[in-house]
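Participant: The structure is given below, and queries will be raised subsequently.
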Amino acid sequence: MKKLLKHRELLLVGIIAIMVAGFATRAPGFATPGNLANIFNDTSILIILALGQMTVILTKSIDLSVAANLAFTGMAVAMLDAAYPGMPLALLVILAVGIGAALGAINGMLVWWLRIPPIVVTLGTLTIYRGMAFVLSGGAWVNSHQMTPGFLNFPRLPVLGMPLLSWMAIGIVLMMWVVLTRTQFGRATYASGGNPTAAVYAGIDIGRTRFFAFTLSGALAGLAGYLWVSRYAVAYVDVAAGFELDTVAACVIGGISIAGGIGTVAGAVLGALFLGVIKNALPVIGISPFAQMAISGIVIVAAVVFNARAERKAGRIILRDRGAKEVSA
């Protein structure tokens with residue numbers, strides 16, 4: 001049991017399986033492969049955003065502007081599609097990623113060059129990007145009948161029994177695993193948050209690493225902006241309001257340390273799926289929206305406490321091992 005508790009991913013897999021089995025007793029059909037595939041598809045956008053958020057958190061930062069970035073980018077590409085129906089979809093997706101990356105880069109520059117705390121920067125840009133979406137649209141909505149069929153149907157295209165949106169999420173997961181575990185940037189990301197002092201001595205530019213982490217998070221938010229407005233067939237200023245908190249919650253539940261330097265791609269994905277199962281199951285079994293918020297809050301607090309205890313115990317073990325080595329020497 002102790003070994004299981006040390007591996008957050010295995011523990012989360014077990015908890016999710018238990019939840020699915022428990023909810024299936026109250027809602028027949030909840031555990032069917034088709035419904036589980038739908039839950040994964042519903043959670044795909046959260047998974048994409050959580051992976052970007054994870055990259056920022058690993059550098060001992062936080063990005064509270066991801067949902068506002070999503071809203072502005074989604075509004076921009078939806079308005080472009082409505083105004084220029086002949087514009088190629090590939091160009092719109094590239095623009096979405098580029099706009100999102102630019103907004104993320106603004107966060108990164110403010111954190112890197114001006115050394116403003118990330119939470120302050122992104123709390124400010126959260127409001128700015130929402131305001132930009134309002135100014136861009138004049139407060140108007142872009143509805144499904146204004147968007148082209150290709151723009152709307154792309155994430156819904158079935159591929160091997162699942163919508164293309166699900167496969168895109170899987171592709172992003174694999175890409176992020178490679179980036180964070182097989183590249184110099186990935187190693188710098190973990191080092192910048194895990195031990196900034198050692199990272200500096202190793203020649204790692206922490207400010208620049210955070211800049212690229214924010215840019216990557218912004219790019220994924222931009223992609224999510226297109227996927228959101230096309231999947232739900234509507235773009236408006238308050239789209240995905242509060243969703244940035246879900247991305248942080250998914251990371252925390254998945255074992256990504258808010259203190260930086262600790263976490264895995266699998267953990268972020270499982271944390272998002274944990275929230276996805278809860279959000280899909282609670283309405284089905286008749287839990288009120290207010291109770292749903294309370295349950296989600298309790299889960300987040302419990303995850304933070306669990307993470308803090310695990311990290312404290314790990315630190316004690318390191319100190320104890322060092323002490324034993326010094327005594328033996």
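Naming scheme: A, B, ... for chains in displayed order of the structure tokens; residues 1 onward per chain; ligands 1 onward as shown.
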Enumerate the residues of segment 160-326 of chain A with a DSSP assignment of helix (DSSP H, G or I), computed from the backbone, and present them as a ChimeraX atom specification.
Facilitator: /A:164-182,184-194,196-201,206-232,243-253,265-284,289-326
Participant: Grab the residues selected above and save them as a tab-separated table (two decimals), in the first residue's frame with C-alpha atoms.
Facilitator:
chain	number	residue	atom	x	y	z
A	164	LEU	CA	-10.74	13.89	-34.02
A	165	LEU	CA	-10.72	16.11	-30.91
A	166	SER	CA	-9.84	13.09	-28.77
A	167	TRP	CA	-7.03	12.09	-31.10
A	168	MET	CA	-5.68	15.64	-31.06
A	169	ALA	CA	-5.59	15.50	-27.26
A	170	ILE	CA	-3.73	12.19	-27.41
A	171	GLY	CA	-1.26	13.68	-29.87
A	172	ILE	CA	-0.65	16.69	-27.61
A	173	VAL	CA	-0.08	14.35	-24.66
A	174	LEU	CA	2.57	12.42	-26.60
A	175	MET	CA	4.18	15.64	-27.81
A	176	MET	CA	4.37	17.08	-24.30
A	177	TRP	CA	5.81	13.84	-22.95
A	178	VAL	CA	8.62	14.06	-25.51
A	179	VAL	CA	9.18	17.79	-24.87
A	180	LEU	CA	9.37	17.45	-21.09
A	181	THR	CA	11.33	14.20	-20.87
A	182	ARG	CA	13.52	14.12	-23.98
A	184	GLN	CA	16.91	20.26	-23.11
A	185	PHE	CA	13.96	22.58	-22.55
A	186	GLY	CA	12.20	19.88	-20.55
A	187	ARG	CA	15.21	19.32	-18.31
A	188	ALA	CA	15.59	23.07	-17.83
A	189	THR	CA	11.90	23.31	-16.89
A	190	TYR	CA	12.23	20.78	-14.09
A	191	ALA	CA	15.53	22.25	-12.91
A	192	SER	CA	14.21	25.84	-12.84
A	193	GLY	CA	11.44	24.91	-10.44
A	194	GLY	CA	13.07	22.06	-8.56
A	196	PRO	CA	16.74	27.29	-9.07
A	197	THR	CA	20.13	27.83	-7.44
A	198	ALA	CA	21.61	24.65	-8.90
A	199	ALA	CA	19.99	25.47	-12.24
A	200	VAL	CA	21.78	28.83	-12.37
A	201	TYR	CA	25.12	27.17	-11.57
A	206	ILE	CA	15.55	30.52	-15.50
A	207	GLY	CA	13.88	33.65	-16.87
A	208	ARG	CA	14.16	32.47	-20.46
A	209	THR	CA	12.91	28.99	-19.50
A	210	ARG	CA	9.84	30.54	-17.89
A	211	PHE	CA	9.32	32.69	-20.98
A	212	PHE	CA	9.21	29.63	-23.23
A	213	ALA	CA	6.97	27.80	-20.72
A	214	PHE	CA	4.44	30.66	-20.82
A	215	THR	CA	4.68	30.79	-24.62
A	216	LEU	CA	4.01	27.06	-24.88
A	217	SER	CA	1.09	27.35	-22.47
A	218	GLY	CA	-0.30	30.20	-24.57
A	219	ALA	CA	0.06	28.23	-27.80
A	220	LEU	CA	-1.90	25.32	-26.33
A	221	ALA	CA	-4.52	27.78	-25.03
A	222	GLY	CA	-4.80	29.21	-28.54
A	223	LEU	CA	-5.36	25.76	-30.02
A	224	ALA	CA	-7.92	25.09	-27.29
A	225	GLY	CA	-9.64	28.36	-28.25
A	226	TYR	CA	-10.37	27.08	-31.75
A	227	LEU	CA	-11.37	23.63	-30.46
A	228	TRP	CA	-13.73	25.14	-27.88
A	229	VAL	CA	-15.67	27.46	-30.20
A	230	SER	CA	-15.87	24.84	-32.96
A	231	ARG	CA	-16.99	22.07	-30.63
A	232	TYR	CA	-19.63	24.13	-28.82
A	243	PHE	CA	-11.69	27.33	-16.52
A	244	GLU	CA	-8.18	28.41	-15.49
A	245	LEU	CA	-8.96	27.11	-12.00
A	246	ASP	CA	-9.85	23.71	-13.45
A	247	THR	CA	-6.45	23.54	-15.13
A	248	VAL	CA	-4.69	24.29	-11.84
A	249	ALA	CA	-6.91	21.75	-10.06
A	250	ALA	CA	-6.11	19.07	-12.64
A	251	CYS	CA	-2.38	19.68	-12.12
A	252	VAL	CA	-2.61	19.64	-8.33
A	253	ILE	CA	-4.74	16.48	-8.29
A	265	VAL	CA	2.49	14.34	-18.01
A	266	ALA	CA	0.58	11.22	-16.95
A	267	GLY	CA	-0.29	12.89	-13.65
A	268	ALA	CA	-1.71	15.99	-15.37
A	269	VAL	CA	-3.77	13.83	-17.75
A	270	LEU	CA	-5.14	11.68	-14.94
A	271	GLY	CA	-5.92	14.77	-12.86
A	272	ALA	CA	-7.94	16.17	-15.76
A	273	LEU	CA	-9.72	12.84	-16.25
A	274	PHE	CA	-10.50	12.72	-12.52
A	275	LEU	CA	-12.26	16.09	-12.82
A	276	GLY	CA	-13.90	14.98	-16.06
A	277	VAL	CA	-15.43	11.91	-14.44
A	278	ILE	CA	-16.72	13.97	-11.51
A	279	LYS	CA	-18.17	16.72	-13.71
A	280	ASN	CA	-19.92	14.16	-15.94
A	281	ALA	CA	-21.17	11.93	-13.14
A	282	LEU	CA	-22.47	14.31	-10.48
A	283	PRO	CA	-25.24	15.85	-12.61
A	284	VAL	CA	-26.29	12.35	-13.76
A	289	PRO	CA	-24.48	22.47	-8.95
A	290	PHE	CA	-23.64	24.05	-5.56
A	291	ALA	CA	-22.81	20.65	-4.07
A	292	GLN	CA	-20.70	19.92	-7.15
A	293	MET	CA	-18.62	23.05	-6.48
A	294	ALA	CA	-18.18	22.05	-2.83
A	295	ILE	CA	-17.12	18.51	-3.76
A	296	SER	CA	-14.63	19.81	-6.32
A	297	GLY	CA	-13.20	22.23	-3.74
A	298	ILE	CA	-12.82	19.49	-1.15
A	299	VAL	CA	-11.01	17.29	-3.68
A	300	ILE	CA	-8.60	20.11	-4.56
A	301	VAL	CA	-7.80	20.91	-0.92
A	302	ALA	CA	-7.29	17.22	-0.18
A	303	ALA	CA	-4.91	16.93	-3.14
A	304	VAL	CA	-2.89	19.95	-1.98
A	305	VAL	CA	-2.60	18.47	1.53
A	306	PHE	CA	-1.58	15.11	0.09
A	307	ASN	CA	1.08	16.76	-2.10
A	308	ALA	CA	2.44	18.82	0.80
A	309	ARG	CA	2.75	15.78	3.06
A	310	ALA	CA	4.42	13.72	0.34
A	311	GLU	CA	6.96	16.44	-0.43
A	312	ARG	CA	7.70	17.00	3.27
A	313	LYS	CA	8.29	13.29	3.81
A	314	ALA	CA	10.54	13.16	0.77
A	315	GLY	CA	12.58	16.05	2.15
A	316	ARG	CA	12.94	14.35	5.53
A	317	ILE	CA	14.16	11.16	3.87
A	318	ILE	CA	16.81	13.08	1.94
A	319	LEU	CA	18.03	14.79	5.09
A	320	ARG	CA	18.00	11.53	7.02
A	321	ASP	CA	20.01	9.76	4.30
A	322	ARG	CA	22.55	12.60	4.22
A	323	GLY	CA	22.87	12.48	7.99
A	324	ALA	CA	23.47	8.76	7.93
A	325	LYS	CA	26.17	9.15	5.27
A	326	GLU	CA	27.92	11.87	7.30
Participant: With distances taken over only C-alpha atoms, which residue among A:Thr122, A:Ser44, A:Ser137, A:Asn107 lies nearest Ala76 of chain A?
Facilitator: A:Ser137
Participant: How many Å separate atom CA of Leu89 of chain A from atom CA of Gly150 of chain A?
Facilitator: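 Atom-to-atom, atom CA of Leu89 of chain A and atom CA of Gly150 of chain A are spaced 7.3 Å apart.
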Participant: List every residue of segment 79-254 of chain A that DSSP, applied to the backbone, labels as strand (DSSP E), and write the result as a list in words.
Facilitator: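 For segment 79-254 of chain A, the strand (DSSP E) set is Val142, Asn143, Pro158, Val159, Met162, Pro163, Val234 and Ala235 of chain A.
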Participant: Just want the 9 Å neighbourhood of Met147 of chain A, counted on only C-alpha atoms, with same-chain residues fewer than 4 positions away dropped. Output as a list in words.
Facilitator: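 Residues near the query, excluding close chain neighbours: Ala78, Met79, Asp81, Ala82, Ala83, Pro85, Val142, Asn143, Phe151, Leu152, Ser230, Ala233 and Val234 of chain A.
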